[in-house]
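Participant: So here's start.csv (CSV, C-alpha atoms).
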```csv
chain,number,residue,atom,x,y,z
J,1,MET,CA,0.0,0.0,0.0
J,2,LYS,CA,1.1,3.5,-0.6
J,3,LYS,CA,0.6,6.9,1.1
J,4,TYR,CA,-2.6,7.9,2.9
J,5,LEU,CA,-3.0,4.9,5.1
J,6,ILE,CA,-4.1,4.3,8.6
J,7,LEU,CA,-1.7,2.1,10.5
J,8,PHE,CA,-3.2,0.3,13.5
J,9,LEU,CA,-1.4,-1.5,16.3
J,10,LEU,CA,-4.3,-3.2,18.2
J,11,VAL,CA,-3.5,-4.5,21.6
J,12,VAL,CA,-5.8,-6.8,23.4
J,13,SER,CA,-6.2,-6.1,27.1
J,14,SER,CA,-5.0,-8.9,29.5
J,15,VAL,CA,-3.5,-10.8,26.5
J,16,VAL,CA,0.2,-10.3,25.7
J,17,ARG,CA,-0.2,-10.0,22.0
J,18,ALA,CA,-0.8,-7.5,19.2
J,19,GLU,CA,-2.8,-7.5,16.1
J,20,GLU,CA,-1.2,-5.4,13.4
J,21,GLY,CA,-2.1,-4.3,9.9
J,22,MET,CA,-2.6,-1.3,7.6
J,23,LEU,CA,-6.2,-0.2,7.0
J,24,ILE,CA,-7.4,2.6,4.7
J,25,PRO,CA,-9.4,5.0,7.0
J,26,SER,CA,-12.6,4.8,5.0
J,27,LEU,CA,-12.8,1.1,5.7
J,28,ILE,CA,-12.6,1.4,9.5
J,29,GLN,CA,-16.3,0.8,9.9
J,30,ALA,CA,-15.9,-2.9,8.9
J,31,PHE,CA,-13.4,-3.4,11.7
J,32,GLU,CA,-15.2,-1.4,14.5
J,33,SER,CA,-16.6,-4.4,16.4
J,34,ASP,CA,-13.2,-6.1,16.4
J,35,MET,CA,-11.5,-3.0,17.6
J,36,LYS,CA,-14.1,-2.4,20.4
J,37,ALA,CA,-13.6,-6.0,21.5
J,38,MET,CA,-9.9,-5.1,22.0
J,39,GLY,CA,-10.7,-2.2,24.2
J,40,MET,CA,-11.4,0.8,21.9
J,41,ARG,CA,-14.0,3.2,23.3
J,42,LEU,CA,-14.2,5.4,20.2
J,43,SER,CA,-16.6,4.7,17.3
J,44,ALA,CA,-15.5,4.3,13.7
J,45,SER,CA,-17.2,7.7,13.0
J,46,ASP,CA,-15.2,9.3,15.7
J,47,ILE,CA,-12.1,8.4,13.8
J,48,TYR,CA,-13.1,8.9,10.2
J,49,ASN,CA,-16.1,10.9,9.2
J,50,VAL,CA,-16.6,13.0,6.0
J,51,ASN,CA,-19.8,14.7,7.2
J,52,GLN,CA,-18.5,16.1,10.6
J,53,SER,CA,-15.2,16.7,12.3
J,54,SER,CA,-13.3,13.6,13.4
J,55,ILE,CA,-9.8,12.5,14.4
J,56,LYS,CA,-8.8,12.3,10.7
J,57,ASP,CA,-9.1,16.1,10.5
J,58,ALA,CA,-6.3,16.4,13.2
J,59,ILE,CA,-3.9,14.2,11.4
J,60,MET,CA,-1.8,16.0,8.8
J,61,HIS,CA,0.5,14.9,6.0
J,62,PHE,CA,3.6,17.0,6.8
J,63,GLY,CA,6.0,18.1,4.1
J,64,GLY,CA,4.9,15.3,1.7
J,65,GLY,CA,6.5,12.5,3.7
J,66,CYS,CA,5.7,12.7,7.4
J,67,THR,CA,2.8,12.5,9.9
J,68,ALA,CA,1.9,15.4,12.1
J,69,GLU,CA,-1.0,16.0,14.5
J,70,ILE,CA,-2.8,19.2,15.4
J,71,VAL,CA,-2.9,19.6,19.2
J,72,SER,CA,-4.5,23.0,19.7
J,73,LYS,CA,-7.4,25.2,18.5
J,74,GLU,CA,-4.7,27.5,17.0
J,75,GLY,CA,-3.3,25.0,14.5
J,76,LEU,CA,-0.3,23.9,16.6
J,77,LEU,CA,1.4,20.9,15.0
J,78,LEU,CA,3.6,18.2,16.5
J,79,THR,CA,5.9,16.1,14.3
J,80,ASN,CA,9.2,14.3,14.5
J,81,HIS,CA,12.4,16.1,15.0
J,82,HIS,CA,13.9,14.6,11.8
J,83,CYS,CA,10.7,15.7,9.9
J,84,GLY,CA,11.3,19.3,10.7
J,85,PHE,CA,15.1,19.0,10.6
J,86,SER,CA,15.6,20.6,7.2
J,87,GLN,CA,13.5,23.6,8.2
J,88,VAL,CA,15.5,24.1,11.4
J,89,GLN,CA,18.7,23.8,9.3
J,90,SER,CA,17.4,26.4,6.8
J,91,HIS,CA,17.0,29.0,9.6
J,92,SER,CA,20.4,28.1,11.2
J,93,SER,CA,23.7,30.0,10.7
J,94,LEU,CA,26.9,30.4,12.6
J,95,GLU,CA,25.3,33.3,14.5
J,96,LYS,CA,22.0,31.5,15.1
J,97,ASP,CA,22.8,27.8,15.4
J,98,TYR,CA,19.3,26.5,16.0
J,99,LEU,CA,20.5,22.9,15.1
J,100,LYS,CA,22.9,23.0,18.0
J,101,TYR,CA,21.0,25.0,20.6
J,102,GLY,CA,17.4,24.6,19.6
J,103,PHE,CA,14.8,27.2,18.8
J,104,TRP,CA,11.6,28.4,20.6
J,105,ALA,CA,9.4,31.2,19.5
J,106,LYS,CA,8.1,33.3,22.4
J,107,SER,CA,5.2,34.7,20.4
J,108,HIS,CA,3.4,34.2,17.1
J,109,ALA,CA,5.5,37.1,15.6
J,110,GLU,CA,8.7,35.1,16.3
J,111,GLU,CA,7.5,31.9,14.4
J,112,LEU,CA,9.5,31.4,11.3
J,113,PRO,CA,8.1,30.9,7.8
J,114,ASN,CA,9.2,28.0,5.6
J,115,PRO,CA,8.7,28.5,1.8
J,116,GLY,CA,7.6,25.3,0.1
J,117,LEU,CA,6.6,23.5,3.3
J,118,THR,CA,3.0,22.2,3.3
J,119,ALA,CA,0.6,20.5,5.7
J,120,THR,CA,-2.2,18.4,4.1
J,121,ARG,CA,-5.5,17.4,5.5
J,122,ILE,CA,-7.3,14.5,3.9
J,123,VAL,CA,-10.9,15.6,3.3
J,124,ARG,CA,-12.1,12.2,2.1
J,125,ILE,CA,-11.0,8.9,0.6
J,126,ASP,CA,-13.2,7.3,-2.1
J,127,ASP,CA,-12.9,3.8,-3.7
J,128,VAL,CA,-12.8,4.6,-7.4
J,129,THR,CA,-11.6,1.2,-8.7
J,130,GLU,CA,-14.7,0.7,-10.8
J,131,SER,CA,-14.4,4.2,-12.3
J,132,MET,CA,-10.7,3.9,-13.0
J,133,LEU,CA,-11.2,0.6,-14.9
J,134,PHE,CA,-14.3,1.8,-16.9
J,135,GLY,CA,-13.8,1.0,-20.5
J,136,THR,CA,-10.8,-1.2,-20.1
J,137,GLN,CA,-12.6,-4.6,-20.3
J,138,GLY,CA,-11.1,-6.7,-23.1
J,139,ILE,CA,-8.3,-4.2,-23.8
J,140,THR,CA,-4.9,-6.0,-24.1
J,141,ASP,CA,-2.8,-3.2,-25.7
J,142,LEU,CA,-0.9,-1.6,-22.7
J,143,ASN,CA,-0.6,1.8,-24.3
J,144,ARG,CA,-4.3,1.9,-25.0
J,145,LEU,CA,-5.0,0.6,-21.5
J,146,ASN,CA,-2.9,3.3,-19.9
J,147,GLU,CA,-4.5,6.0,-22.1
J,148,ILE,CA,-8.0,5.0,-21.0
J,149,MET,CA,-7.1,4.9,-17.3
J,150,ALA,CA,-5.2,8.2,-17.5
J,151,GLY,CA,-8.4,9.8,-19.0
J,152,ASN,CA,-10.5,8.2,-16.3
J,153,MET,CA,-8.2,9.5,-13.6
J,154,LYS,CA,-8.2,13.1,-15.1
J,155,THR,CA,-12.1,13.1,-15.0
J,156,LEU,CA,-12.2,11.8,-11.4
J,157,ILE,CA,-9.7,14.5,-10.2
J,158,GLU,CA,-11.5,17.3,-12.1
J,159,ASP,CA,-14.9,16.3,-10.7
J,160,ALA,CA,-13.5,16.1,-7.2
J,161,LYS,CA,-11.9,19.6,-7.4
J,162,ARG,CA,-14.7,21.4,-9.2
J,163,GLY,CA,-16.1,24.3,-7.2
J,164,THR,CA,-13.7,23.8,-4.2
J,165,HIS,CA,-10.3,25.0,-3.1
J,166,TYR,CA,-9.3,21.3,-2.6
J,167,GLN,CA,-6.6,19.3,-4.5
J,168,ALA,CA,-7.0,15.6,-5.4
J,169,ASP,CA,-5.1,12.7,-6.8
J,170,VAL,CA,-5.7,9.0,-7.4
J,171,GLN,CA,-3.5,6.4,-5.7
J,172,ALA,CA,-3.0,2.8,-6.8
J,173,PHE,CA,-3.3,0.2,-3.9
J,174,ASP,CA,-2.8,-3.5,-3.8
J,175,TYR,CA,-0.4,-3.5,-6.7
J,176,GLY,CA,-2.9,-1.8,-9.0
J,177,ASN,CA,-5.9,-4.0,-8.1
J,178,SER,CA,-7.7,-1.1,-6.4
J,179,TYR,CA,-7.7,2.7,-6.7
J,180,TYR,CA,-8.6,5.4,-4.2
J,181,LEU,CA,-9.3,9.1,-4.8
J,182,MET,CA,-7.7,11.3,-2.2
J,183,VAL,CA,-9.3,14.7,-1.8
J,184,LYS,CA,-7.0,17.1,0.1
J,185,GLU,CA,-6.8,20.5,1.7
J,186,VAL,CA,-3.2,21.7,1.3
J,187,PHE,CA,-2.0,24.5,3.7
J,188,LEU,CA,0.9,26.5,2.3
J,189,ASP,CA,1.9,28.6,5.3
J,190,VAL,CA,3.5,26.4,8.0
J,191,ARG,CA,5.8,28.1,10.5
J,192,LEU,CA,8.4,26.8,12.8
J,193,VAL,CA,7.5,27.2,16.5
J,194,GLY,CA,10.1,25.2,18.3
J,195,ALA,CA,12.6,22.4,18.2
J,196,PRO,CA,15.0,21.0,20.9
J,197,PRO,CA,18.7,21.1,20.4
J,198,SER,CA,20.1,18.2,18.4
J,199,SER,CA,21.6,16.8,21.6
J,200,ILE,CA,18.0,16.0,22.5
J,201,GLY,CA,16.2,15.7,19.2
J,202,LYS,CA,19.0,13.6,17.7
J,203,PHE,CA,20.4,12.2,20.9
J,204,GLY,CA,23.1,9.5,20.2
J,205,GLY,CA,22.9,10.1,16.5
J,206,ASP,CA,21.4,7.0,14.8
J,207,THR,CA,22.3,4.5,17.6
J,208,ASP,CA,18.7,4.1,18.6
J,209,ASN,CA,17.1,4.9,15.3
J,210,TRP,CA,14.7,2.2,14.0
J,211,VAL,CA,14.9,0.3,17.3
J,212,TRP,CA,13.1,0.1,20.6
J,213,PRO,CA,13.4,1.5,23.2
J,214,ARG,CA,14.5,4.9,22.0
J,215,HIS,CA,16.1,7.5,24.2
J,216,THR,CA,15.5,10.5,21.9
J,217,GLY,CA,13.4,13.7,22.2
J,218,ASP,CA,12.3,13.1,18.6
J,219,PHE,CA,9.9,16.1,18.1
J,220,SER,CA,9.5,19.5,16.6
J,221,VAL,CA,6.7,22.0,16.7
J,222,PHE,CA,5.1,24.0,13.9
J,223,ARG,CA,1.9,26.0,13.4
J,224,ILE,CA,-0.4,26.2,10.4
J,225,TYR,CA,-1.5,29.6,9.2
J,226,ALA,CA,-4.4,30.4,6.9
J,227,GLY,CA,-6.2,33.4,5.3
J,228,SER,CA,-8.9,35.3,7.1
J,229,ASP,CA,-11.4,32.8,5.8
J,230,ASN,CA,-9.5,29.9,7.5
J,231,LYS,CA,-8.6,28.5,4.1
J,232,PRO,CA,-5.1,27.7,2.7
J,233,ALA,CA,-3.2,30.8,1.6
J,234,ALA,CA,0.4,31.6,0.5
J,235,TYR,CA,2.6,33.1,3.2
J,236,SER,CA,1.5,36.6,4.3
J,237,ALA,CA,2.1,38.6,7.4
J,238,ASP,CA,-1.7,39.1,7.4
J,239,ASN,CA,-2.4,35.3,7.8
J,240,VAL,CA,-3.7,34.0,11.1
J,241,PRO,CA,-3.4,30.7,13.0
J,242,TYR,CA,-5.5,28.1,11.4
J,243,THR,CA,-8.6,27.0,13.4
J,244,PRO,CA,-8.8,23.2,12.8
J,245,LEU,CA,-12.0,21.2,12.5
J,246,HIS,CA,-10.6,18.9,15.2
J,247,HIS,CA,-7.5,18.8,17.4
J,248,LEU,CA,-6.2,16.0,19.6
J,249,PRO,CA,-6.6,16.6,23.3
J,250,ILE,CA,-3.5,15.6,25.3
J,251,ALA,CA,-4.2,12.8,28.0
J,252,PHE,CA,-2.6,13.3,31.4
J,253,LYS,CA,-3.8,10.0,32.8
J,254,ASN,CA,-1.3,7.2,33.5
J,255,ARG,CA,-1.0,4.6,30.8
J,256,LYS,CA,-1.9,1.0,31.7
J,257,GLU,CA,-0.2,-2.1,30.3
J,258,GLY,CA,-2.5,-3.8,27.8
J,259,GLU,CA,-4.6,-0.8,26.9
J,260,PHE,CA,-5.9,-0.5,23.4
J,261,THR,CA,-3.4,1.4,21.1
J,262,MET,CA,-4.0,2.9,17.7
J,263,VAL,CA,-1.6,4.8,15.5
J,264,TYR,CA,-3.1,6.9,12.7
J,265,GLY,CA,-0.8,8.4,10.1
J,266,PHE,CA,1.1,8.0,6.8
J,267,PRO,CA,3.5,5.0,7.0
J,268,GLY,CA,4.4,4.9,3.4
J,269,VAL,CA,4.9,1.5,1.6
J,270,THR,CA,4.7,-2.1,2.7
J,271,GLU,CA,6.6,-4.9,1.0
J,272,GLN,CA,5.3,-7.8,3.0
J,273,HIS,CA,4.0,-9.5,-0.1
J,274,LEU,CA,7.3,-9.9,-1.9
J,275,SER,CA,8.2,-13.4,-3.2
J,276,SER,CA,11.0,-15.4,-1.5
J,277,GLY,CA,13.3,-14.8,-4.4
J,278,ASN,CA,12.8,-11.0,-4.1
J,279,LEU,CA,13.3,-11.0,-0.4
J,280,LYS,CA,16.5,-13.1,-0.7
J,281,TYR,CA,17.8,-10.6,-3.3
J,282,ILE,CA,17.1,-7.7,-0.9
J,283,VAL,CA,18.9,-9.4,2.0
J,284,ASP,CA,21.9,-10.8,0.1
J,285,LYS,CA,22.5,-8.1,-2.5
J,286,GLN,CA,20.4,-5.0,-2.6
J,287,ARG,CA,20.6,-3.9,1.1
J,288,PRO,CA,24.3,-4.7,1.4
J,289,MET,CA,25.1,-2.6,-1.7
J,290,GLU,CA,23.0,0.3,-0.3
J,291,ILE,CA,24.7,0.1,3.1
J,292,SER,CA,28.1,0.1,1.5
J,293,MET,CA,27.3,3.1,-0.7
J,294,ARG,CA,25.9,5.1,2.2
J,295,THR,CA,28.8,4.1,4.5
J,296,LYS,CA,31.2,5.7,2.0
J,297,SER,CA,29.0,8.8,1.6
J,298,LEU,CA,28.7,9.2,5.4
J,299,SER,CA,32.5,8.8,6.0
J,300,VAL,CA,33.2,11.8,3.7
J,301,ILE,CA,30.3,14.0,4.9
J,302,ASP,CA,30.9,13.2,8.7
J,303,ALA,CA,34.6,14.1,8.4
J,304,ALA,CA,33.8,17.4,6.8
J,305,MET,CA,31.1,18.2,9.3
J,306,ARG,CA,33.4,17.5,12.2
J,307,ALA,CA,36.0,19.8,10.7
J,308,SER,CA,33.8,22.9,10.2
J,309,ASP,CA,30.7,24.3,11.9
J,310,GLN,CA,29.7,25.9,8.6
J,311,THR,CA,29.8,22.6,6.8
J,312,ARG,CA,28.0,20.9,9.7
J,313,ILE,CA,25.1,23.3,9.4
J,314,GLN,CA,25.0,23.1,5.6
J,315,TYR,CA,25.0,19.3,5.5
J,316,SER,CA,23.1,18.3,8.6
J,317,ALA,CA,19.8,17.5,6.8
J,318,LYS,CA,21.5,15.6,4.0
J,319,GLN,CA,23.6,13.6,6.4
J,320,ALA,CA,20.5,12.8,8.5
J,321,ARG,CA,18.6,11.5,5.4
J,322,ILE,CA,21.5,9.3,4.4
J,323,ALA,CA,22.1,8.0,8.0
J,324,ASN,CA,18.4,7.3,8.4
J,325,ALA,CA,18.2,5.0,5.4
J,326,TRP,CA,21.6,3.5,6.3
J,327,LYS,CA,20.5,2.5,9.8
J,328,LYS,CA,17.1,1.2,8.5
J,329,ASN,CA,18.9,-1.0,6.0
J,330,ILE,CA,21.2,-2.5,8.6
J,331,GLY,CA,18.3,-3.2,10.9
J,332,GLN,CA,16.2,-4.7,8.1
J,333,ILE,CA,18.9,-7.3,7.2
J,334,ASP,CA,19.5,-8.1,10.9
J,335,GLY,CA,15.8,-8.6,11.6
J,336,LEU,CA,15.0,-10.6,8.5
J,337,LYS,CA,17.9,-12.9,9.2
J,338,GLN,CA,17.1,-13.4,12.9
J,339,LEU,CA,13.5,-14.3,12.0
J,340,ASP,CA,14.5,-16.5,9.0
J,341,ALA,CA,12.1,-14.5,6.9
J,342,VAL,CA,13.3,-16.1,3.6
J,343,GLY,CA,12.7,-19.6,5.1
J,344,LYS,CA,9.2,-18.6,6.2
J,345,LYS,CA,8.4,-17.2,2.7
J,346,VAL,CA,9.6,-20.5,1.1
J,347,ALA,CA,7.4,-22.5,3.4
J,348,PHE,CA,4.4,-20.1,2.8
J,349,GLU,CA,4.9,-20.5,-1.0
J,350,ALA,CA,5.1,-24.3,-0.8
J,351,GLU,CA,1.8,-24.3,1.0
J,352,TYR,CA,0.4,-21.9,-1.6
J,353,VAL,CA,1.4,-24.3,-4.5
J,354,LYS,CA,0.0,-27.2,-2.6
J,355,ARG,CA,-3.4,-25.5,-2.3
J,356,ALA,CA,-3.3,-24.3,-5.9
J,357,ASN,CA,-2.9,-27.8,-7.1
J,358,SER,CA,-5.7,-29.1,-4.9
J,359,LYS,CA,-8.5,-27.9,-7.2
J,360,GLU,CA,-8.6,-28.2,-11.0
J,361,GLU,CA,-9.7,-24.6,-11.5
J,362,TRP,CA,-6.8,-23.3,-9.3
J,363,LYS,CA,-4.0,-25.3,-11.0
J,364,LYS,CA,-3.3,-22.5,-13.5
J,365,TYR,CA,-2.0,-20.4,-10.6
J,366,ALA,CA,0.3,-23.1,-9.2
J,367,GLY,CA,3.3,-22.0,-11.3
J,368,LEU,CA,3.1,-18.3,-10.5
J,369,ILE,CA,5.6,-18.4,-7.6
J,370,ASP,CA,8.2,-20.1,-9.7
J,371,LYS,CA,7.7,-17.6,-12.5
J,372,MET,CA,8.0,-14.6,-10.1
J,373,ASN,CA,11.2,-16.0,-8.5
J,374,LYS,CA,12.8,-16.7,-11.9
J,375,LEU,CA,12.0,-13.1,-13.0
J,376,VAL,CA,13.9,-11.8,-9.9
J,377,ASP,CA,16.9,-13.9,-11.0
J,378,GLU,CA,16.8,-12.6,-14.5
J,379,LYS,CA,16.5,-8.9,-13.4
J,380,SER,CA,19.0,-9.1,-10.5
J,381,THR,CA,22.0,-8.2,-12.6
J,382,TYR,CA,20.5,-4.9,-13.4
```
Write the structure described by the file as C-alpha cells, please.

Facilitator:
Amino acid sequence: MKKYLILFLLVVSSVVRAEEGMLIPSLIQAFESDMKAMGMRLSASDIYNVNQSSIKDAIMHFGGGCTAEIVSKEGLLLTNHHCGFSQVQSHSSLEKDYLKYGFWAKSHAEELPNPGLTATRIVRIDDVTESMLFGTQGITDLNRLNEIMAGNMKTLIEDAKRGTHYQADVQAFDYGNSYYLMVKEVFLDVRLVGAPPSSIGKFGGDTDNWVWPRHTGDFSVFRIYAGSDNKPAAYSADNVPYTPLHHLPIAFKNRKEGEFTMVYGFPGVTEQHLSSGNLKYIVDKQRPMEISMRTKSLSVIDAAMRASDQTRIQYSAKQARIANAWKKNIGQIDGLKQLDAVGKKVAFEAEYVKRANSKEEWKKYAGLIDKMNKLVDEKSTY
C-alpha cells in the first residue's frame, strides 16, 4: 500500500499479543466491532467521518512525507524532530545555530516561515476502482489501457476539485488491483514554532534509530497559518493561525499495560507480499550494496562536518537523510535474518502451491511463484 493509510497497532487487554495491519481509513467501519472488543472506546465515525469533524481532521501529512498532528485550536502541529530538521537547518547560521542550541518562538510574531513546506488534511477517501477501470474490459494493448485509465483519472480528479479549493489525486493500492481518490486541503503557510537542540532531538545520532526502546526527544513544533477565511493561503504577514476542524486533546492519565493502542498516520509503503526470491535478493545483494554506498558517503560527509561548523550546518539535513536509510537497511537485514524471513516465505509459498494444485480450477495459478522468483533472478544483474 502507498501513502494515505491508517496504520493500526491493536493490543488486546489482558492478553500479551498485538494485532497489526494497515487499514485505509474509509474502511474502518468494517473493523469497528473487532477494535471495540480489543478495548477501543471510540466509534468508527469518531475516527473517520466526512460529514462532521473527526480524528482524521487532526492528522496532517507534513511536508509530503511525514505525519503530524494538530494539538490546539490555533493550529499547533507536532511532528518528529527529523521531519522538521531541514526547516531548522534552513534557519540556522553560525550566528544563530538552532540545530545545536534549539529554537523556541516566544510569540506568534517570532514563528519562522518555511517557503515550500505544506501540511495536508485528507478531506475524504473514495474507492474509485470501478471508475478507473471503466472502458478497459477486453483491452490488451498496454498503451491503450494506460491511455483510457489516464483519461478516467483526469475526469475523477477534475470532478472532485470542481467548485472547491481542494486538491485531489488517485493512488493505486494492492499492486494496482484497487484505486482510491484522495481529496486534500493543502496548507501553504507552515511556520516553525520550536525544536529542541540536536543533543536532545537527535540524541546519540542513529544509535537508537529504528529500534526500541529509543532515548531521543524526537519532536519538533510547527503552526499552520491560513487566510482570514480559514482557508489555505500563501505566506503573508496578514495570515492568522488556522482553526482546525478537530485537534487532539492531550491525555494526562497514566497509561496502563495492555490498553488499546491505535496509530493513525502516513506510514508509506509495505513490502510484505514480496516473493521469497525477491526477499532473498534484498537481504543478500540490494541492502548490502545500499549500506556500502551510504557508509562511504557518510564517511566523507561526517569528516567534513566535524572539521567545520559551517559545513555541519549546511550538510546536517542531507547527512540525516542518508544516515536514516543506512541504519534502517542495517536493521532490516538483521531482523530478516534473525526471523528466518526467507525460510518462512519459502514455506508459505510451498503451502500456496499445494493448495493451488488441490483444485482443478486453481491449478493454472500453481506456477506463479516459480515464475516470479525466476524473474527476480533474470533482473537481479540490473

Participant: Write out as a ChimeraX atom specification each polymer residue whose atoms come within 10 Å of Ser178 in chain J, counting only C-alpha atoms; drop sequence neighbours fewer than 5 positions from it.

Facilitator: /J:127-130,132-133,171-173

Participant: Can you measure CA of Leu76 in chain J to CA of His215 in chain J for me? One decimal in Å is fine.

Facilitator: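 Taking CA of Leu76 in chain J as the start and CA of His215 in chain J as the end point, the length is 24.4 Å.
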
Participant: Using only C-alpha atoms, can you tell me which of J:Phe85, J:Ser276, J:Ser236, J:Glu158 comes closest to Lys371 in chain J?

Facilitator: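 Smallest separation from Lys371 in chain J among the options: J:Ser276.
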
Participant: Near Ala119 in chain J, within 9 Å and counting all atoms listed in the file, which residues show up once chain neighbours fewer than 5 positions away are dropped, as an MDAnalysis selection string?

Facilitator: chainID J and resid 60:64 68 185:190 224

Participant: Between CA of Gly194 in chain J and CA of Leu94 in chain J, measure the distance and give it in Å to one decimal.

Facilitator: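 Separating CA of Gly194 in chain J from CA of Leu94 in chain J is a distance of 18.5 Å.
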
Participant: Counting all atoms listed in the file, which residue out of J:Ser72, J:Met289, J:Ala325, J:Arg214 sits closest to Ile250 in chain J?

Facilitator: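 The closest residue to Ile250 in chain J is J:Ser72.
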
Participant: List as a compact mmCIF listing (two decimals) with C-alpha atoms, in the coordinates of the input the protein and nucleic acid residues near range 41-49 of chain J, meaning an atom at most 6 Å away when only C-alpha atoms are counted, but skip any in the same chain fewer than 4 places from it.

Facilitator:
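Written file, out.txt:
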```txt
# COMPACT_ATOMS: atom_id res chain seq x y z
CA ILE J 28 -12.60 1.40 9.50
CA GLN J 29 -16.30 0.80 9.90
CA GLU J 32 -15.20 -1.40 14.50
CA SER J 54 -13.30 13.60 13.40
CA ILE J 55 -9.80 12.50 14.40
CA LYS J 56 -8.80 12.30 10.70
```

Participant: For each of J:Leu368, J:Leu279, J:Met262, J:Ala303, take the minimum atom-to-atom distance to Gly39 in chain J, counting all atoms listed in the file, then give the residue where this is smallest.

Facilitator: J:Met262

Participant: Which of these, J:Ala307, J:Ile125, J:Ile200, J:Ile282, has the shortest distance to Ser380 in chain J once you count all atoms listed in the file?

Facilitator: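 So, comparing all the options, the nearest one is J:Ile282.
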
Participant: Determine the axis-aligned bounding box of all atoms of range 35-40 of chain J present in the file, pad each side by 4 Å, and express its centre and edge lengths in Å to one decimal place as lines of an AutoDock Vina configuration file.

Facilitator:
```
center_x = -12.0
center_y = -2.6
center_z = 20.9
size_x = 12.2
size_y = 14.8
size_z = 14.6
```

Participant: Excluding Arg294 in chain J and any residue of its chain fewer than 6 positions from it, enumerate the residues within 9 Å of it, using only C-alpha atoms, and give them as a count of residues only.

Facilitator: 4

Participant: Kindly extract all protein, DNA and RNA residues lying within 12 Å of the coordinates (27.8, 19.4, 9.5) given in the file, considering all atoms listed in the file, and supply them as a PyMOL selection string.

Facilitator: chain J and resi 89+92-94+97+99-100+198+298+300-320
